[in-house]
Amino acid sequence: MSRIHRLDRTEVSGELVSLFDKIFSIRGNVPNMFRTMAHRPEIFRTMMAHFDAVLNTGTVPTKLKELIIVRTSQINQTPYCLASHTILARNLGWTDEQLSNLATWPQREDFSPAEKAALKLAETVTRDANSVSDEQFAELQSFYDEGKIVELLCSIGLFNYFNRFNNALRMEPTKPGEGGGAPQPDCAPVVTKA
């Protein structure tokens, strides 16, 4: 059970109502993590803008971003992020077999050398960002320009942040329809300062 009450549309006001409606229209729910962050509207608004910029802009294909997000979330053992991003990755063309056995990517022939370099980056940064060697970085540069490297690192960094946030709060995966209407039972409401 989540440790912090997740706000529903009926519990937010002003600009956040519009943001909840936008998210609900795209996803069919308002993810529990977003509903939890809504306790602090400025964090929620800026997090949503950053989330959108990292995942929906740039030149790295969304398919690759989702692959490294899944690997990052596997390493961090984050059921919350894996529940949605494994589905997104599958919908973008990664197979169940690839995703279920993603830890064996170095031995697999169904990932390109560029994809393997991105997966290696995800693993290295998630486990110890200080251990990205000059050799590893040179290999990465052989496939990706500086802007793409920034995108890859932002995707990995964003989901290390989300993974830790969700793991600490024992965030439960979001169900269809949640967050868009009447409050859902989840845990005792927590009184917060405005």
# chains A, B, ... in the order shown; residues from 1 in each chain; ligands from 1
>>> select_by_dssp(residues="chain A", states="helix (DSSP H, G or I)", output="PyMOL selection string")
chain A and resi 9-11+15-27+32-37+41-56+62-75+79-91+96-100+102-107+113-131+134-141+146-168
>>> residues_around(residues="range 141-150 of chain A", least_positions_apart="2", cutoff="9 Å", atoms="only C-alpha atoms", output="list in words")
Gly58, Thr59, Val60, Pro113, Ala114, Ala117, Ala118, Gln136, Phe137, Ala138, Glu139, Leu152, Leu153, Cys154 and Ser155 of chain A
>>> write_last_selection(atoms="N, CA, C and O atoms", output="compact mmCIF listing (two decimals), in the first residue's frame")
# COMPACT_ATOMS: atom_id res chain seq x y z
N GLY A 58 13.54 15.73 -28.84
CA GLY A 58 14.87 15.26 -29.19
C GLY A 58 14.85 14.33 -30.39
O GLY A 58 13.86 14.24 -31.12
N THR A 59 15.97 13.64 -30.59
CA THR A 59 16.12 12.79 -31.77
C THR A 59 16.36 11.32 -31.46
O THR A 59 16.41 10.50 -32.37
N VAL A 60 16.52 10.98 -30.18
CA VAL A 60 16.63 9.56 -29.82
C VAL A 60 15.23 8.97 -29.92
O VAL A 60 14.28 9.52 -29.34
N PRO A 113 24.54 -2.90 -32.04
CA PRO A 113 25.64 -2.38 -31.23
C PRO A 113 25.29 -1.03 -30.58
O PRO A 113 25.68 -0.78 -29.43
N ALA A 114 24.57 -0.18 -31.27
CA ALA A 114 24.17 1.12 -30.69
C ALA A 114 23.20 0.92 -29.52
O ALA A 114 23.31 1.59 -28.49
N ALA A 117 25.15 -0.26 -26.58
CA ALA A 117 25.89 0.83 -25.93
C ALA A 117 24.96 1.64 -25.01
O ALA A 117 25.36 2.05 -23.91
N ALA A 118 23.72 1.84 -25.44
CA ALA A 118 22.74 2.56 -24.61
C ALA A 118 22.36 1.74 -23.38
O ALA A 118 22.23 2.28 -22.27
N GLN A 136 34.27 3.44 -22.35
CA GLN A 136 32.83 3.30 -22.54
C GLN A 136 32.26 4.55 -23.19
O GLN A 136 31.42 4.47 -24.08
N PHE A 137 32.72 5.72 -22.75
CA PHE A 137 32.20 6.96 -23.31
C PHE A 137 32.59 7.10 -24.78
O PHE A 137 31.79 7.54 -25.60
N ALA A 138 33.78 6.69 -25.12
CA ALA A 138 34.22 6.74 -26.53
C ALA A 138 33.36 5.81 -27.38
O ALA A 138 32.98 6.16 -28.51
N GLU A 139 33.05 4.62 -26.86
CA GLU A 139 32.18 3.71 -27.58
C GLU A 139 30.80 4.35 -27.80
O GLU A 139 30.23 4.29 -28.89
N LEU A 152 19.90 10.37 -23.71
CA LEU A 152 20.00 9.06 -23.06
C LEU A 152 20.23 9.21 -21.56
O LEU A 152 19.56 8.56 -20.75
N LEU A 153 21.17 10.08 -21.19
CA LEU A 153 21.46 10.28 -19.77
C LEU A 153 20.28 10.89 -19.02
O LEU A 153 20.02 10.52 -17.86
N CYS A 154 19.55 11.78 -19.67
CA CYS A 154 18.36 12.36 -19.02
C CYS A 154 17.29 11.29 -18.81
O CYS A 154 16.63 11.27 -17.76
N SER A 155 17.11 10.41 -19.76
CA SER A 155 16.13 9.32 -19.60
C SER A 155 16.52 8.41 -18.45
O SER A 155 15.70 8.05 -17.60
>>> residues_around(residues="Arg6 in chain A", least_positions_apart="4", cutoff="7 Å", atoms="only C-alpha atoms", output="list of chain:residue names")
A:Asn32, A:Arg35, A:Thr36
>>> write_last_selection(atoms="N, CA, C and O atoms", output="JSON list (two decimals), in the first residue's frame")
[["chain", "number", "residue", "atom", "x", "y", "z"],
["A", 32, "ASN", "N", -0.33, 7.12, -10.42],
["A", 32, "ASN", "CA", -0.24, 7.31, -8.97],
["A", 32, "ASN", "C", 0.93, 8.19, -8.57],
["A", 32, "ASN", "O", 0.82, 8.99, -7.65],
["A", 35, "ARG", "N", -0.11, 11.72, -9.13],
["A", 35, "ARG", "CA", -1.11, 12.10, -8.13],
["A", 35, "ARG", "C", -0.48, 12.34, -6.77],
["A", 35, "ARG", "O", -0.95, 13.17, -6.00],
["A", 36, "THR", "N", 0.59, 11.64, -6.47],
["A", 36, "THR", "CA", 1.31, 11.85, -5.22],
["A", 36, "THR", "C", 2.10, 13.15, -5.28],
["A", 36, "THR", "O", 2.09, 13.94, -4.33]]
>>> closest_residue(among="A:Glu11, A:Glu178, A:Asp128, A:Glu115", to="Met33 in chain A", atoms="only C-alpha atoms")
A:Glu178
>>> closest_residue(among="A:Arg108, A:Ser133, A:Gly180, A:Thr124", to="Thr72 in chain A", atoms="only C-alpha atoms")
A:Thr124
>>> atom_distance(atom1="CA of Lys65 in chain A", atom2="CA of His85 in chain A")
10.1 Å
>>> closest_residue(among="A:Leu55, A:Met48, A:Cys81, A:Ile43", to="Asn166 in chain A", atoms="only C-alpha atoms")
A:Cys81
>>> residues_around(residues="range 14-24 of chain A", least_positions_apart="4", cutoff="10 Å", atoms="only C-alpha atoms", output="list of chain:residue names")
A:Asp8, A:Arg9, A:Thr10, A:Gly28, A:Asn29, A:Val30, A:Pro31, A:Phe34, A:Arg35, A:Ala38, A:Pro41, A:Glu42, A:Phe44, A:Arg45, A:Met48, A:Pro176, A:Gly177, A:Glu178, A:Gly179, A:Gly180, A:Gly181
>>> write_last_selection(atoms="N, CA, C and O atoms", output="mmCIF file, in the first residue's frame")
data_model
loop_
_atom_site.group_PDB
_atom_site.id
_atom_site.type_symbol
_atom_site.label_atom_id
_atom_site.label_comp_id
_atom_site.auth_asym_id
_atom_site.auth_seq_id
_atom_site.Cartn_x
_atom_site.Cartn_y
_atom_site.Cartn_z
ATOM 1 N N ASP A 8 -6.898 12.770 -6.196
ATOM 2 C CA ASP A 8 -7.734 12.595 -7.378
ATOM 3 C C ASP A 8 -8.105 13.971 -7.906
ATOM 4 O O ASP A 8 -7.872 14.997 -7.248
ATOM 5 N N ARG A 9 -8.706 13.984 -9.055
ATOM 6 C CA ARG A 9 -9.108 15.237 -9.704
ATOM 7 C C ARG A 9 -9.966 16.091 -8.779
ATOM 8 O O ARG A 9 -9.859 17.312 -8.761
ATOM 9 N N THR A 10 -10.832 15.459 -8.000
ATOM 10 C CA THR A 10 -11.722 16.195 -7.106
ATOM 11 C C THR A 10 -10.972 16.848 -5.940
ATOM 12 O O THR A 10 -11.543 17.673 -5.234
ATOM 13 N N GLY A 28 -5.791 7.595 -19.982
ATOM 14 C CA GLY A 28 -6.922 6.861 -19.421
ATOM 15 C C GLY A 28 -6.824 6.692 -17.915
ATOM 16 O O GLY A 28 -7.616 5.986 -17.293
ATOM 17 N N ASN A 29 -5.850 7.354 -17.313
ATOM 18 C CA ASN A 29 -5.687 7.419 -15.863
ATOM 19 C C ASN A 29 -4.729 8.567 -15.569
ATOM 20 O O ASN A 29 -4.154 9.151 -16.484
ATOM 21 N N VAL A 30 -4.590 8.876 -14.311
ATOM 22 C CA VAL A 30 -3.551 9.809 -13.871
ATOM 23 C C VAL A 30 -2.639 8.968 -12.987
ATOM 24 O O VAL A 30 -3.058 8.513 -11.917
ATOM 25 N N PRO A 31 -1.415 8.689 -13.454
ATOM 26 C CA PRO A 31 -0.538 7.785 -12.712
ATOM 27 C C PRO A 31 -0.389 8.157 -11.237
ATOM 28 O O PRO A 31 -0.331 9.335 -10.875
ATOM 29 N N PHE A 34 2.196 10.688 -10.252
ATOM 30 C CA PHE A 34 1.827 12.070 -10.538
ATOM 31 C C PHE A 34 0.838 12.570 -9.486
ATOM 32 O O PHE A 34 0.932 13.701 -9.021
ATOM 33 N N ARG A 35 -0.109 11.723 -9.128
ATOM 34 C CA ARG A 35 -1.114 12.098 -8.131
ATOM 35 C C ARG A 35 -0.476 12.338 -6.772
ATOM 36 O O ARG A 35 -0.948 13.174 -5.998
ATOM 37 N N ALA A 38 1.380 15.682 -6.829
ATOM 38 C CA ALA A 38 0.441 16.814 -6.849
ATOM 39 C C ALA A 38 0.244 17.425 -5.463
ATOM 40 O O ALA A 38 -0.294 18.531 -5.351
ATOM 41 N N PRO A 41 2.184 21.250 -5.862
ATOM 42 C CA PRO A 41 1.858 21.614 -7.240
ATOM 43 C C PRO A 41 3.038 22.082 -8.090
ATOM 44 O O PRO A 41 3.136 21.720 -9.256
ATOM 45 N N GLU A 42 3.953 22.869 -7.519
ATOM 46 C CA GLU A 42 5.079 23.352 -8.329
ATOM 47 C C GLU A 42 5.989 22.202 -8.737
ATOM 48 O O GLU A 42 6.476 22.149 -9.870
ATOM 49 N N PHE A 44 5.023 19.092 -9.086
ATOM 50 C CA PHE A 44 4.228 18.331 -10.053
ATOM 51 C C PHE A 44 4.278 18.978 -11.441
ATOM 52 O O PHE A 44 4.560 18.318 -12.441
ATOM 53 N N ARG A 45 4.019 20.292 -11.503
ATOM 54 C CA ARG A 45 4.018 20.992 -12.806
ATOM 55 C C ARG A 45 5.381 20.900 -13.486
ATOM 56 O O ARG A 45 5.480 20.593 -14.671
ATOM 57 N N MET A 48 6.228 17.345 -14.609
ATOM 58 C CA MET A 48 5.501 16.970 -15.828
ATOM 59 C C MET A 48 6.148 17.605 -17.062
ATOM 60 O O MET A 48 6.271 16.959 -18.103
ATOM 61 N N PRO A 176 -6.429 1.337 -14.725
ATOM 62 C CA PRO A 176 -7.188 2.150 -15.679
ATOM 63 C C PRO A 176 -8.270 2.956 -14.961
ATOM 64 O O PRO A 176 -8.930 2.455 -14.059
ATOM 65 N N GLY A 177 -8.406 4.207 -15.357
ATOM 66 C CA GLY A 177 -9.444 5.068 -14.813
ATOM 67 C C GLY A 177 -9.101 5.771 -13.523
ATOM 68 O O GLY A 177 -9.806 6.694 -13.114
ATOM 69 N N GLU A 178 -8.025 5.375 -12.858
ATOM 70 C CA GLU A 178 -7.680 5.997 -11.578
ATOM 71 C C GLU A 178 -7.253 7.447 -11.761
ATOM 72 O O GLU A 178 -6.620 7.811 -12.731
ATOM 73 N N GLY A 179 -7.596 8.250 -10.763
ATOM 74 C CA GLY A 179 -7.128 9.625 -10.696
ATOM 75 C C GLY A 179 -7.971 10.641 -11.415
ATOM 76 O O GLY A 179 -7.735 11.835 -11.304
ATOM 77 N N GLY A 180 -8.977 10.185 -12.147
ATOM 78 C CA GLY A 180 -9.748 11.127 -12.936
ATOM 79 C C GLY A 180 -11.048 11.582 -12.341
ATOM 80 O O GLY A 180 -11.690 12.462 -12.860
ATOM 81 N N GLY A 181 -11.456 10.989 -11.234
ATOM 82 C CA GLY A 181 -12.761 11.341 -10.689
ATOM 83 C C GLY A 181 -12.784 11.288 -9.192
ATOM 84 O O GLY A 181 -11.968 11.901 -8.517
#
>>> atom_distance(atom1="CA of Asp96 in chain A", atom2="CA of Ser112 in chain A")
17.3 Å
>>> residues_around(residues="range 89-91 of chain A", least_positions_apart="2", cutoff="10 Å", atoms="only C-alpha atoms", output="list in words")
Thr62, Lys63, Leu64, Lys65, Glu66, Leu67, Ile68, Ile69, Val70, Leu82, Ser84, His85, Thr86, Ile87, Gly93, Trp94, Thr95, Asp96, Glu97, Gln98 and Leu99 of chain A
>>> closest_residue(among="A:Val54, A:Leu92, A:Val132, A:Ile75", to="Asn160 in chain A", atoms="only C-alpha atoms")
A:Ile75
>>> atom_distance(atom1="CA of Leu158 in chain A", atom2="CA of Met47 in chain A")
9.6 Å
